[in-house]
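Engineer: For reference, this is data08.txt, and it has compact mmCIF, C-alpha atoms.
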```txt
# COMPACT_ATOMS: atom_id res chain seq x y z
CA MET A 1 -35.05 10.30 16.18
CA TYR A 2 -31.55 10.49 14.76
CA LYS A 3 -30.13 8.58 17.70
CA SER A 4 -32.44 5.64 17.07
CA LEU A 5 -31.71 5.74 13.32
CA TYR A 6 -28.01 5.71 14.11
CA ARG A 7 -28.42 2.82 16.54
CA ASN A 8 -30.37 0.84 13.95
CA LYS A 9 -27.58 1.23 11.45
CA LEU A 10 -24.79 0.23 13.83
CA THR A 11 -23.19 -3.05 12.85
CA THR A 12 -19.90 -4.92 13.09
CA PRO A 13 -17.08 -4.34 10.56
CA ALA A 14 -17.44 -7.94 9.34
CA LYS A 15 -21.17 -7.45 8.72
CA ALA A 16 -20.58 -4.11 7.01
CA VAL A 17 -18.27 -5.61 4.38
CA GLU A 18 -20.24 -8.83 4.00
CA ARG A 19 -22.24 -7.64 0.98
CA VAL A 20 -19.22 -6.52 -1.05
CA LYS A 21 -18.85 -8.61 -4.17
CA ASP A 22 -15.82 -9.83 -6.13
CA GLU A 23 -14.20 -7.32 -8.51
CA SER A 24 -15.67 -4.38 -6.59
CA LEU A 25 -13.83 -1.08 -6.71
CA LEU A 26 -13.11 0.12 -3.18
CA ILE A 27 -12.04 3.66 -2.39
CA TYR A 28 -11.29 4.38 1.22
CA GLY A 29 -10.81 7.61 3.12
CA ALA A 30 -7.37 9.16 2.81
CA LEU A 31 -4.97 10.00 5.62
CA LEU A 32 -6.78 10.40 8.94
CA ALA A 33 -9.99 9.07 7.41
CA GLU A 34 -8.48 5.60 6.83
CA PRO A 35 -10.96 3.19 8.45
CA PRO A 36 -8.85 0.54 10.28
CA ALA A 37 -11.65 -1.84 11.31
CA LEU A 38 -13.26 -1.93 7.85
CA LEU A 39 -9.94 -2.43 6.08
CA GLU A 40 -9.12 -5.26 8.49
CA ALA A 41 -12.51 -6.84 7.78
CA PHE A 42 -11.82 -6.69 4.01
CA ALA A 43 -8.38 -8.26 4.54
CA GLU A 44 -9.89 -11.06 6.64
CA ARG A 45 -12.40 -11.89 3.90
CA LEU A 46 -9.64 -11.90 1.29
CA ARG A 47 -7.37 -14.09 3.40
CA ALA A 48 -10.20 -16.49 4.13
CA GLY A 49 -10.91 -16.84 0.40
CA ASP A 50 -14.41 -15.48 0.86
CA LEU A 51 -13.51 -12.64 -1.49
CA ASN A 52 -11.31 -13.49 -4.47
CA LYS A 53 -10.70 -10.13 -6.08
CA LEU A 54 -10.89 -6.54 -4.97
CA ARG A 55 -9.83 -3.39 -6.81
CA ILE A 56 -8.60 -0.54 -4.65
CA LEU A 57 -7.83 3.09 -5.37
CA SER A 58 -5.62 4.59 -2.66
CA SER A 59 -4.51 8.09 -1.99
CA LEU A 60 -1.43 8.21 0.23
CA PRO A 61 -2.06 5.07 2.29
CA LEU A 62 -0.64 5.56 5.76
CA VAL A 63 -0.71 3.06 8.61
CA HIS A 64 -3.74 0.79 8.38
CA ALA A 65 -4.09 0.09 4.65
CA PRO A 66 -0.51 -1.22 4.20
CA LYS A 67 -1.05 -3.62 7.12
CA THR A 68 -4.39 -4.88 5.83
CA VAL A 69 -5.73 -4.69 2.26
CA LEU A 70 -2.44 -3.50 0.74
CA ALA A 71 -0.35 -6.14 2.54
CA ALA A 72 2.14 -8.00 0.35
CA ASP A 73 0.48 -11.39 0.96
CA LEU A 74 -2.70 -10.11 -0.72
CA VAL A 75 -1.00 -9.04 -3.94
CA ASP A 76 -2.68 -11.85 -5.88
CA CYS A 77 -6.22 -10.84 -4.96
CA VAL A 78 -6.01 -7.05 -4.69
CA GLU A 79 -5.56 -4.92 -7.77
CA ARG A 80 -4.12 -1.67 -6.41
CA CYS A 81 -3.64 1.78 -7.77
CA SER A 82 -2.41 4.85 -5.91
CA THR A 83 -3.02 8.49 -6.72
CA PHE A 84 -0.20 9.60 -4.45
CA VAL A 85 2.69 7.41 -3.36
CA GLY A 86 3.80 7.37 0.27
CA ALA A 87 5.78 5.27 2.71
CA GLY A 88 2.95 2.71 2.82
CA ASP A 89 3.00 1.77 -0.87
CA ARG A 90 6.32 3.05 -2.20
CA GLY A 91 7.95 -0.37 -2.01
CA LEU A 92 5.10 -2.02 -3.92
CA VAL A 93 5.13 0.71 -6.58
CA HIS A 94 8.89 0.31 -6.85
CA VAL A 95 8.64 -3.40 -7.70
CA GLY A 96 5.59 -2.98 -9.95
CA LEU A 97 2.97 -4.54 -7.67
CA ASN A 98 1.05 -1.30 -7.20
CA ASP A 99 0.12 1.10 -10.02
CA TYR A 100 0.51 4.83 -9.75
CA LEU A 101 -1.98 7.16 -11.44
CA PRO A 102 -0.37 10.58 -12.08
CA ASN A 103 -2.75 13.43 -11.29
CA HIS A 104 -3.09 16.85 -9.77
CA LEU A 105 -4.94 16.74 -6.47
CA HIS A 106 -7.65 19.07 -7.70
CA GLN A 107 -8.43 16.59 -10.50
CA LEU A 108 -9.16 13.68 -8.20
CA PRO A 109 -12.90 14.33 -7.71
CA LYS A 110 -13.33 14.62 -11.51
CA LEU A 111 -11.29 11.47 -12.16
CA ILE A 112 -13.39 9.51 -9.70
CA SER A 113 -16.82 10.80 -10.66
CA GLU A 114 -16.35 10.81 -14.44
CA TYR A 115 -14.01 7.91 -15.13
CA MET A 116 -14.61 5.34 -12.41
CA THR A 117 -17.51 3.28 -11.21
CA VAL A 118 -17.15 3.15 -7.46
CA ASP A 119 -18.73 0.14 -5.79
CA VAL A 120 -17.69 0.69 -2.19
CA ALA A 121 -16.60 3.73 -0.23
CA ALA A 122 -15.16 3.22 3.24
CA THR A 123 -14.27 6.08 5.52
CA ARG A 124 -14.61 7.28 9.07
CA ARG A 125 -15.62 10.54 10.63
CA CYS A 126 -12.63 12.69 11.33
CA PHE A 127 -13.07 16.26 12.44
CA VAL A 128 -9.36 17.02 12.33
CA SER A 129 -9.17 16.29 8.61
CA CYS A 130 -11.82 18.94 8.00
CA MET A 131 -9.50 21.58 9.38
CA ILE A 132 -6.45 20.82 7.26
CA ILE A 133 -5.42 23.56 4.85
CA PRO A 134 -5.32 23.35 1.01
CA PRO A 135 -4.12 21.41 -1.04
CA TRP A 136 -5.44 18.75 1.34
CA LYS A 137 -8.88 20.16 0.65
CA ALA A 138 -8.80 18.12 -2.53
CA ILE A 139 -8.46 14.94 -0.48
CA ARG A 140 -11.52 15.94 1.52
CA PHE A 141 -13.42 16.49 -1.72
CA HIS A 142 -12.04 13.20 -2.98
CA THR A 143 -13.59 11.39 -0.03
CA ARG A 144 -16.88 13.24 -0.45
CA THR A 145 -16.99 12.57 -4.21
CA THR A 146 -16.23 8.91 -3.60
CA LEU A 147 -19.11 8.65 -1.17
CA GLN A 148 -21.45 10.43 -3.57
CA SER A 149 -20.39 8.21 -6.48
CA SER A 150 -21.02 5.05 -4.49
CA LEU A 151 -24.35 6.38 -3.27
CA LYS A 152 -25.36 6.90 -6.88
CA MET A 153 -24.65 3.22 -7.41
CA THR A 154 -26.96 2.09 -4.65
CA THR A 155 -29.90 4.36 -5.45
CA MET B 1 4.82 37.09 2.40
CA ILE B 2 6.89 34.29 0.94
CA SER B 3 5.43 30.84 0.37
CA VAL B 4 7.67 27.82 0.11
CA ASN B 5 6.74 24.35 -1.08
CA SER B 6 9.07 21.38 -0.84
CA VAL B 7 10.85 19.77 -3.78
CA LEU B 8 13.43 17.04 -4.15
CA GLU B 9 15.55 18.72 -6.83
CA VAL B 10 15.71 22.12 -8.52
CA ASP B 11 17.99 23.31 -11.34
CA LEU B 12 19.34 26.74 -12.26
CA PHE B 13 16.42 27.31 -14.66
CA GLY B 14 13.97 26.90 -11.79
CA GLN B 15 12.70 23.52 -12.96
CA ALA B 16 11.67 21.44 -10.01
CA ASN B 17 11.25 17.74 -9.39
CA ALA B 18 9.08 16.84 -6.43
CA GLU B 19 8.09 13.26 -7.06
CA PHE B 20 10.82 11.14 -8.59
CA MET B 21 14.00 10.01 -6.85
CA GLU B 22 16.83 7.72 -7.89
CA GLY B 23 14.86 6.36 -10.82
CA HIS B 24 11.70 5.58 -8.85
CA GLN B 25 8.37 7.16 -8.08
CA PHE B 26 8.83 8.69 -4.64
CA SER B 27 5.59 10.56 -4.02
CA GLY B 28 3.19 12.11 -6.53
CA THR B 29 2.45 15.26 -8.49
CA GLY B 30 -0.03 15.97 -5.72
CA GLY B 31 -0.62 19.63 -5.03
CA GLN B 32 2.47 21.12 -6.71
CA LEU B 33 0.56 22.73 -9.56
CA ASP B 34 -2.37 23.63 -7.32
CA PHE B 35 0.02 25.41 -4.97
CA ARG B 36 1.58 27.45 -7.81
CA GLU B 37 -1.74 28.30 -9.41
CA GLU B 38 -3.07 29.68 -6.16
CA LEU B 39 0.05 31.76 -5.62
CA LEU B 40 -0.02 33.13 -9.17
CA ARG B 41 -3.46 34.52 -8.33
CA ALA B 42 -2.04 36.35 -5.31
CA ALA B 43 -0.42 39.45 -6.87
CA GLU B 44 1.74 40.44 -3.89
CA GLU B 45 2.92 36.93 -3.22
CA MET B 46 6.46 35.66 -3.68
CA TYR B 47 6.82 31.94 -3.98
CA ILE B 48 9.52 29.33 -4.12
CA THR B 49 8.49 25.90 -5.25
```
In structure tokens, how does this file's structure come out?

Structural biologist:
Amino acid sequence: MYKSLYRNKLTTPAKAVERVKDESLLIYGALLAEPPALLEAFAERLRAGDLNKLRILSSLPLVHAPKTVLAADLVDCVERCSTFVGAGDRGLVHVGLNDYLPNHLHQLPKLISEYMTVDVAATRRCFVSCMIIPPWKAIRFHTRTTLQSSLKMTT
Amino acid sequence: MISVNSVLEVDLFGQANAEFMEGHQFSGTGGQLDFREELLRAAEEMYIT
């Protein structure tokens, strides 16, 4: 039963991001949960002019986000804010093109669920991230809270 | 057991800076406080932030 449900829900990255509207707040999985194909699909829509504005909350963007949705050529159409600065967004924060939201990691789930209206959550399954020790636990909770917040929006 | 967390700068009063370097945001507050709070709960623990 679950296999057929899963198969029915399978789609392409482009199709998955098709319904996202302008001005949506996107939160994507942190670290190993960064979803490369979905972020690329968002970047393609933005570059094509199909999406004019996207708001993104990042937490330590690593490899894929800086190459796609956080790329410098998308500065005009992506409003970005980071909860932890890393190699991927440090340059943008430095020149004022990316905001930084000071916080303690354990506060992230509260900040997201009580102060933000999440429109889209993008992540990928990653078993390794579930084994990482605290304080990274907070990032796991952050991803889970993000998903729950966006689910609340759709139900 | 001794637990050690990384910092960028520390002074003789034990004040630590882990997120700001050369006038710019380098990382984030992140888990610095979380790390200390957990270790304060562990009575036998020694920690260096």

Engineer: Show me which bits of chain B are within 6 Å of chain A, counting all atoms listed in the file, as a list in words.

Structural biologist: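 Close enough to count are Ser27, Gly28, Thr29, Gly30 and Gly31 of chain B.
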
Engineer: Do you have the CA of Lys15 (chain A)-CA of Met116 (chain A) distance handy?

Structural biologist: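 Going from CA of Lys15 (chain A) over to CA of Met116 (chain A), I get 25.6 Å.
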
Engineer: Taking the point (-0.5, -4.9, 5.9) as given in the file, collect each protein or nucleic acid residue that comes within 12 Å of it, counting all atoms listed in the file, and present the set as a PyMOL selection string.

Structural biologist: chain A and resi 36+39-40+42-44+47+61-75+88-89+92

Engineer: How many Å lie between CA of Thr123 (chain A) and CA of Leu38 (chain A), rounded to one decimal?

Structural biologist: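 Distance reported for this atom pair: 8.4 Å.
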
Engineer: Rounded to one decimal, what separation in Å do you get between CA of Tyr6 (chain A) and CA of Ala122 (chain A)?

Structural biologist: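 Going from CA of Tyr6 (chain A) over to CA of Ala122 (chain A), I get 17.0 Å.
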
Engineer: Find the residues with any atom within 9 Å of (1.9, 28.3, -7.1); use all atoms listed in the file and the coordinates as given in the file, and write the answer as a PyMOL selection string.

Structural biologist: chain B and resi 3+5+32-41+47-49
